[in-house]
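> For reference, the file work.cif (mmCIF, C-alpha atoms) is included below:
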```cif
data_input
loop_
_atom_site.group_PDB
_atom_site.id
_atom_site.type_symbol
_atom_site.label_atom_id
_atom_site.label_comp_id
_atom_site.auth_asym_id
_atom_site.auth_seq_id
_atom_site.Cartn_x
_atom_site.Cartn_y
_atom_site.Cartn_z
ATOM 1 C CA SER A 1 12.109 -1.218 -18.480
ATOM 2 C CA LEU A 2 12.888 2.367 -17.474
ATOM 3 C CA MET A 3 10.828 3.618 -20.406
ATOM 4 C CA ILE A 4 7.854 1.531 -19.264
ATOM 5 C CA ALA A 5 8.189 2.727 -15.677
ATOM 6 C CA ALA A 6 8.430 6.358 -16.784
ATOM 7 C CA LYS A 7 5.348 6.033 -18.977
ATOM 8 C CA TYR A 8 3.448 4.413 -16.127
ATOM 9 C CA GLU A 9 4.439 6.814 -13.340
ATOM 10 C CA GLU A 10 5.172 10.168 -14.950
ATOM 11 C CA ILE A 11 2.677 12.687 -16.262
ATOM 12 C CA TYR A 12 5.176 13.777 -18.907
ATOM 13 C CA PRO A 13 7.573 10.872 -19.522
ATOM 14 C CA PRO A 14 10.906 11.555 -21.195
ATOM 15 C CA ASP A 15 11.005 11.106 -24.960
ATOM 16 C CA ILE A 16 12.879 8.308 -26.711
ATOM 17 C CA GLN A 17 15.879 10.529 -27.474
ATOM 18 C CA THR A 18 16.408 11.068 -23.741
ATOM 19 C CA PHE A 19 16.640 7.319 -23.231
ATOM 20 C CA GLN A 20 19.066 7.061 -26.141
ATOM 21 C CA LYS A 21 21.298 9.672 -24.485
ATOM 22 C CA MET A 22 21.036 7.846 -21.130
ATOM 23 C CA SER A 23 22.320 4.689 -22.804
ATOM 24 C CA GLY A 24 25.255 6.582 -24.267
ATOM 25 C CA LYS A 25 23.695 6.191 -27.735
ATOM 26 C CA THR A 26 24.392 2.464 -27.474
ATOM 27 C CA TYR A 27 20.882 1.631 -28.705
ATOM 28 C CA THR A 28 18.908 3.003 -31.612
ATOM 29 C CA LYS A 29 15.363 4.254 -31.322
ATOM 30 C CA THR A 30 14.098 1.099 -33.027
ATOM 31 C CA GLU A 31 16.031 -1.190 -30.670
ATOM 32 C CA LEU A 32 14.654 0.590 -27.601
ATOM 33 C CA LEU A 33 11.091 0.362 -28.889
ATOM 34 C CA ARG A 34 11.497 -3.318 -29.798
ATOM 35 C CA MET A 35 12.847 -4.116 -26.343
ATOM 36 C CA GLU A 36 9.992 -2.212 -24.706
ATOM 37 C CA SER A 37 7.531 -4.182 -26.817
ATOM 38 C CA ALA A 38 9.239 -7.496 -25.970
ATOM 39 C CA ILE A 39 9.129 -6.746 -22.230
ATOM 40 C CA LEU A 40 5.450 -5.813 -22.375
ATOM 41 C CA ARG A 41 4.583 -8.950 -24.363
ATOM 42 C CA LYS A 42 6.501 -11.130 -21.892
ATOM 43 C CA LEU A 43 4.562 -9.519 -19.029
ATOM 44 C CA LYS A 44 1.355 -9.900 -21.050
ATOM 45 C CA PHE A 45 0.897 -6.155 -20.510
ATOM 46 C CA ASN A 46 0.151 -6.882 -16.858
ATOM 47 C CA ILE A 47 2.152 -4.029 -15.331
ATOM 48 C CA SER A 48 -0.445 -2.556 -13.021
ATOM 49 C CA PHE A 49 -1.121 -3.509 -9.425
ATOM 50 C CA ALA A 50 -2.960 -1.894 -6.586
ATOM 51 C CA SER A 51 -0.664 -1.094 -3.687
ATOM 52 C CA SER A 52 -1.750 -0.682 -0.101
ATOM 53 C CA LEU A 53 -1.077 3.053 -0.511
ATOM 54 C CA ARG A 54 -3.693 3.304 -3.281
ATOM 55 C CA PHE A 55 -6.213 1.527 -1.060
ATOM 56 C CA LEU A 56 -5.341 3.795 1.862
ATOM 57 C CA ASP A 57 -5.908 6.838 -0.366
ATOM 58 C CA GLN A 58 -9.289 5.532 -1.484
ATOM 59 C CA TYR A 59 -10.403 4.504 2.010
ATOM 60 C CA SER A 60 -9.297 7.858 3.443
ATOM 61 C CA LYS A 61 -11.404 9.705 0.905
ATOM 62 C CA SER A 62 -14.397 7.451 1.535
ATOM 63 C CA ALA A 63 -14.099 7.894 5.303
ATOM 64 C CA SER A 64 -13.464 11.645 5.000
ATOM 65 C CA ALA A 65 -10.362 11.197 7.138
ATOM 66 C CA ASN A 66 -8.579 14.397 8.122
ATOM 67 C CA LYS A 67 -4.936 15.084 7.246
ATOM 68 C CA LYS A 68 -3.661 14.090 10.679
ATOM 69 C CA CYS A 69 -5.440 10.742 10.524
ATOM 70 C CA TYR A 70 -4.141 10.137 6.986
ATOM 71 C CA SER A 71 -0.571 11.005 8.034
ATOM 72 C CA VAL A 72 -0.706 8.595 10.978
ATOM 73 C CA ALA A 73 -2.128 5.861 8.719
ATOM 74 C CA LEU A 74 0.616 6.512 6.174
ATOM 75 C CA ASN A 75 3.306 6.163 8.850
ATOM 76 C CA ILE A 76 1.750 2.923 10.073
ATOM 77 C CA LEU A 77 1.629 1.597 6.531
ATOM 78 C CA ASP A 78 5.257 2.626 5.930
ATOM 79 C CA SER A 79 6.336 0.729 9.032
ATOM 80 C CA THR A 80 5.049 -2.505 7.497
ATOM 81 C CA LEU A 81 7.169 -2.294 4.353
ATOM 82 C CA LEU A 82 10.156 -4.078 5.874
ATOM 83 C CA ASP A 83 8.154 -6.884 7.457
ATOM 84 C CA TYR A 84 7.957 -9.998 5.277
ATOM 85 C CA LYS A 85 4.961 -11.281 7.251
ATOM 86 C CA MET A 86 2.891 -8.457 5.812
ATOM 87 C CA LEU A 87 3.330 -9.838 2.274
ATOM 88 C CA ASN A 88 0.848 -12.564 3.233
ATOM 89 C CA TYR A 89 -1.979 -10.018 3.359
ATOM 90 C CA LEU A 90 -3.852 -8.285 0.590
ATOM 91 C CA PRO A 91 -2.934 -4.632 0.001
ATOM 92 C CA SER A 92 -6.595 -3.704 0.547
ATOM 93 C CA LEU A 93 -6.523 -5.266 4.014
ATOM 94 C CA CYS A 94 -3.272 -3.505 4.953
ATOM 95 C CA GLY A 95 -4.645 -0.145 3.801
ATOM 96 C CA ALA A 96 -7.846 -0.674 5.769
ATOM 97 C CA ALA A 97 -5.980 -1.795 8.890
ATOM 98 C CA ALA A 98 -3.662 1.230 8.810
ATOM 99 C CA LEU A 99 -6.617 3.602 8.521
ATOM 100 C CA PHE A 100 -8.518 1.746 11.255
ATOM 101 C CA ILE A 101 -5.595 2.036 13.689
ATOM 102 C CA ALA A 102 -5.008 5.691 12.780
ATOM 103 C CA GLU A 103 -8.647 6.599 13.315
ATOM 104 C CA LYS A 104 -8.602 4.927 16.721
ATOM 105 C CA ALA A 105 -5.379 6.737 17.642
ATOM 106 C CA VAL A 106 -6.332 10.174 16.356
ATOM 107 C CA GLN A 107 -10.033 10.269 17.102
ATOM 108 C CA LYS A 108 -9.993 8.943 20.649
ATOM 109 C CA ASN A 109 -13.312 7.713 21.942
ATOM 110 C CA GLU A 110 -14.108 9.538 25.202
ATOM 111 C CA ASN A 111 -16.818 7.005 26.039
ATOM 112 C CA PHE A 112 -14.390 4.092 26.052
ATOM 113 C CA ALA A 113 -13.577 4.333 29.758
ATOM 114 C CA SER A 114 -17.227 4.280 30.826
ATOM 115 C CA TYR A 115 -18.014 1.523 28.319
ATOM 116 C CA SER A 116 -15.187 -0.737 29.468
ATOM 117 C CA CYS A 117 -16.196 -0.433 33.140
ATOM 118 C CA HIS A 118 -19.522 -2.198 32.533
ATOM 119 C CA HIS A 119 -18.120 -5.319 30.862
ATOM 120 C CA GLU A 120 -16.339 -8.373 32.135
ATOM 121 C CA PRO A 121 -12.683 -8.792 31.190
ATOM 122 C CA VAL A 122 -12.030 -11.080 28.225
ATOM 123 C CA SER A 123 -9.063 -13.424 27.971
ATOM 124 C CA TYR A 124 -6.368 -12.944 25.332
ATOM 125 C CA THR A 125 -6.987 -16.515 24.100
ATOM 126 C CA HIS A 126 -10.673 -15.739 23.592
ATOM 127 C CA LEU A 127 -9.831 -12.584 21.640
ATOM 128 C CA ARG A 128 -7.339 -14.442 19.425
ATOM 129 C CA ALA A 129 -9.892 -17.192 18.723
ATOM 130 C CA HIS A 130 -12.391 -14.628 17.429
ATOM 131 C CA GLU A 131 -9.871 -12.487 15.589
ATOM 132 C CA THR A 132 -10.779 -11.446 12.038
ATOM 133 C CA SER A 133 -8.246 -10.865 9.255
ATOM 134 C CA LEU A 134 -8.480 -7.115 9.852
ATOM 135 C CA HIS A 135 -7.824 -7.550 13.571
ATOM 136 C CA HIS A 136 -4.873 -9.845 12.843
ATOM 137 C CA VAL A 137 -3.262 -7.362 10.442
ATOM 138 C CA CYS A 138 -3.894 -4.529 12.906
ATOM 139 C CA ARG A 139 -2.221 -6.531 15.680
ATOM 140 C CA LEU A 140 0.801 -7.257 13.453
ATOM 141 C CA MET A 141 1.089 -3.570 12.563
ATOM 142 C CA LEU A 142 0.902 -2.550 16.194
ATOM 143 C CA GLU A 143 3.667 -5.005 17.156
ATOM 144 C CA LYS A 144 6.158 -2.845 15.240
#
```
In structure tokens, write the structure found in this file.

Amino acid sequence: SLMIAAKYEEIYPPDIQTFQKMSGKTYTKTELLRMESAILRKLKFNISFASSLRFLDQYSKSASANKKCYSVALNILDSTLLDYKMLNYLPSLCGAAALFIAEKAVQKNENFASYSCHHEPVSYTHLRAHETSLHHVCRLMLEK
């Protein structure tokens, strides 16, 4: 499994002899390759997944987010890693929510104060009833 991970993540993965040395020469080259093949067949070669970080990267590029905004979004996203509730949400939604919160935090809207003065207050219950998935994930992230 380490050989598969190295081939997936590294630009220049270690060669087979390196893995033989790591195993204390317990396994031959053929045995290591057979085991790698068996693992990949068992997984049906489905070893790739899109993480929320990959979505955040893509959304940041699309939104032309600056480095500060990206860093804040990354910290928000990192804070969700230990929360089991966040596993209920798609990685794409978590990446979008982190960027949304970061943009609101970094690029403060100066017109917000004048805008909010002209509208009636809205109850928390009303807001929760009309909450979208993005809003819900944002609220969970902000509760950290």
> Smallest atom-to-atom distance to A:Lys29: which of A:Gln17, A:Gln58, A:Asn75, A:Ser133, using only C-alpha atoms?
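Closest candidate: A:Gln17.
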> Which residues, named as in the file, does the PyMOL selection byres ((chain A and resi 32) around 12) pick out? Answer as a list in words.
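Residues picked by the PyMOL selection byres ((chain A and resi 32) around 12): Ser1, Leu2, Met3, Ile4, Asp15, Ile16, Gln17, Thr18, Phe19, Gln20, Lys21, Met22, Ser23, Lys25, Thr26, Tyr27, Thr28, Lys29, Thr30, Glu31, Leu33, Arg34, Met35, Glu36, Ser37, Ala38 and Ile39 of chain A.
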> Dump C-alpha atoms for the selected residues as a PDB file, in the frame of the given file?

```pdb
ATOM      1  CA  SER A   1      12.109  -1.218 -18.480  1.00  0.00           C
ATOM      2  CA  LEU A   2      12.888   2.367 -17.474  1.00  0.00           C
ATOM      3  CA  MET A   3      10.828   3.618 -20.406  1.00  0.00           C
ATOM      4  CA  ILE A   4       7.854   1.531 -19.264  1.00  0.00           C
ATOM      5  CA  ASP A  15      11.005  11.106 -24.960  1.00  0.00           C
ATOM      6  CA  ILE A  16      12.879   8.308 -26.711  1.00  0.00           C
ATOM      7  CA  GLN A  17      15.879  10.529 -27.474  1.00  0.00           C
ATOM      8  CA  THR A  18      16.408  11.068 -23.741  1.00  0.00           C
ATOM      9  CA  PHE A  19      16.640   7.319 -23.231  1.00  0.00           C
ATOM     10  CA  GLN A  20      19.066   7.061 -26.141  1.00  0.00           C
ATOM     11  CA  LYS A  21      21.298   9.672 -24.485  1.00  0.00           C
ATOM     12  CA  MET A  22      21.036   7.846 -21.130  1.00  0.00           C
ATOM     13  CA  SER A  23      22.320   4.689 -22.804  1.00  0.00           C
ATOM     14  CA  LYS A  25      23.695   6.191 -27.735  1.00  0.00           C
ATOM     15  CA  THR A  26      24.392   2.464 -27.474  1.00  0.00           C
ATOM     16  CA  TYR A  27      20.882   1.631 -28.705  1.00  0.00           C
ATOM     17  CA  THR A  28      18.908   3.003 -31.612  1.00  0.00           C
ATOM     18  CA  LYS A  29      15.363   4.254 -31.322  1.00  0.00           C
ATOM     19  CA  THR A  30      14.098   1.099 -33.027  1.00  0.00           C
ATOM     20  CA  GLU A  31      16.031  -1.190 -30.670  1.00  0.00           C
ATOM     21  CA  LEU A  33      11.091   0.362 -28.889  1.00  0.00           C
ATOM     22  CA  ARG A  34      11.497  -3.318 -29.798  1.00  0.00           C
ATOM     23  CA  MET A  35      12.847  -4.116 -26.343  1.00  0.00           C
ATOM     24  CA  GLU A  36       9.992  -2.212 -24.706  1.00  0.00           C
ATOM     25  CA  SER A  37       7.531  -4.182 -26.817  1.00  0.00           C
ATOM     26  CA  ALA A  38       9.239  -7.496 -25.970  1.00  0.00           C
ATOM     27  CA  ILE A  39       9.129  -6.746 -22.230  1.00  0.00           C
TER      28      ILE A  39
END
```
> Would you compute the distance between atom CA of A:Leu74 and atom CA of A:Ser52? Give it in Å to one decimal.
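So the two atoms, atom CA of A:Leu74 and atom CA of A:Ser52, lie 9.8 Å apart.
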> I need the output of the PyMOL selection byres ((chain A and resi 77-89) around 9) for this file as a PyMOL selection string; which residues are they?
chain A and resi 52-53+56+72-76+90-95+97-99+133+137+140-141+144
> Could you take the residues named above and write them with C-alpha atoms, as a compact mmCIF listing (two decimals), in the coordinates of the input?

```
# COMPACT_ATOMS: atom_id res chain seq x y z
CA SER A 52 -1.75 -0.68 -0.10
CA LEU A 53 -1.08 3.05 -0.51
CA LEU A 56 -5.34 3.80 1.86
CA VAL A 72 -0.71 8.60 10.98
CA ALA A 73 -2.13 5.86 8.72
CA LEU A 74 0.62 6.51 6.17
CA ASN A 75 3.31 6.16 8.85
CA ILE A 76 1.75 2.92 10.07
CA LEU A 90 -3.85 -8.28 0.59
CA PRO A 91 -2.93 -4.63 0.00
CA SER A 92 -6.60 -3.70 0.55
CA LEU A 93 -6.52 -5.27 4.01
CA CYS A 94 -3.27 -3.50 4.95
CA GLY A 95 -4.64 -0.14 3.80
CA ALA A 97 -5.98 -1.80 8.89
CA ALA A 98 -3.66 1.23 8.81
CA LEU A 99 -6.62 3.60 8.52
CA SER A 133 -8.25 -10.86 9.26
CA VAL A 137 -3.26 -7.36 10.44
CA LEU A 140 0.80 -7.26 13.45
CA MET A 141 1.09 -3.57 12.56
CA LYS A 144 6.16 -2.84 15.24
```
> I'd like the interatomic distance between atom CA of A:Ala102 and atom CA of A:Tyr70, to a tenth of an Å.
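Result for atom CA of A:Ala102 versus atom CA of A:Tyr70: 7.4 Å, one decimal.
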> Kindly compute an axis-aligned box around the listed atoms of stretch 45-63 of chain A, allowing 4 Å on each side, and express its centre and edge lengths in Å to one decimal as AutoDock Vina command-line options.

```
--center_x -6.1 --center_y 1.4 --center_z -7.6 --size_x 24.5 --size_y 24.6 --size_z 33.8
```
> Do you have the atom CA of A:Ala50-atom CA of A:Glu9 distance handy?
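Those two atoms sit 13.3 Å apart.
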> Using all atoms listed in the file, can you tell me which of A:Ile11, A:Lys44, A:Ala96, A:His135 comes closest to A:Asp57?
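Smallest separation from A:Asp57 among the options: A:Ala96.
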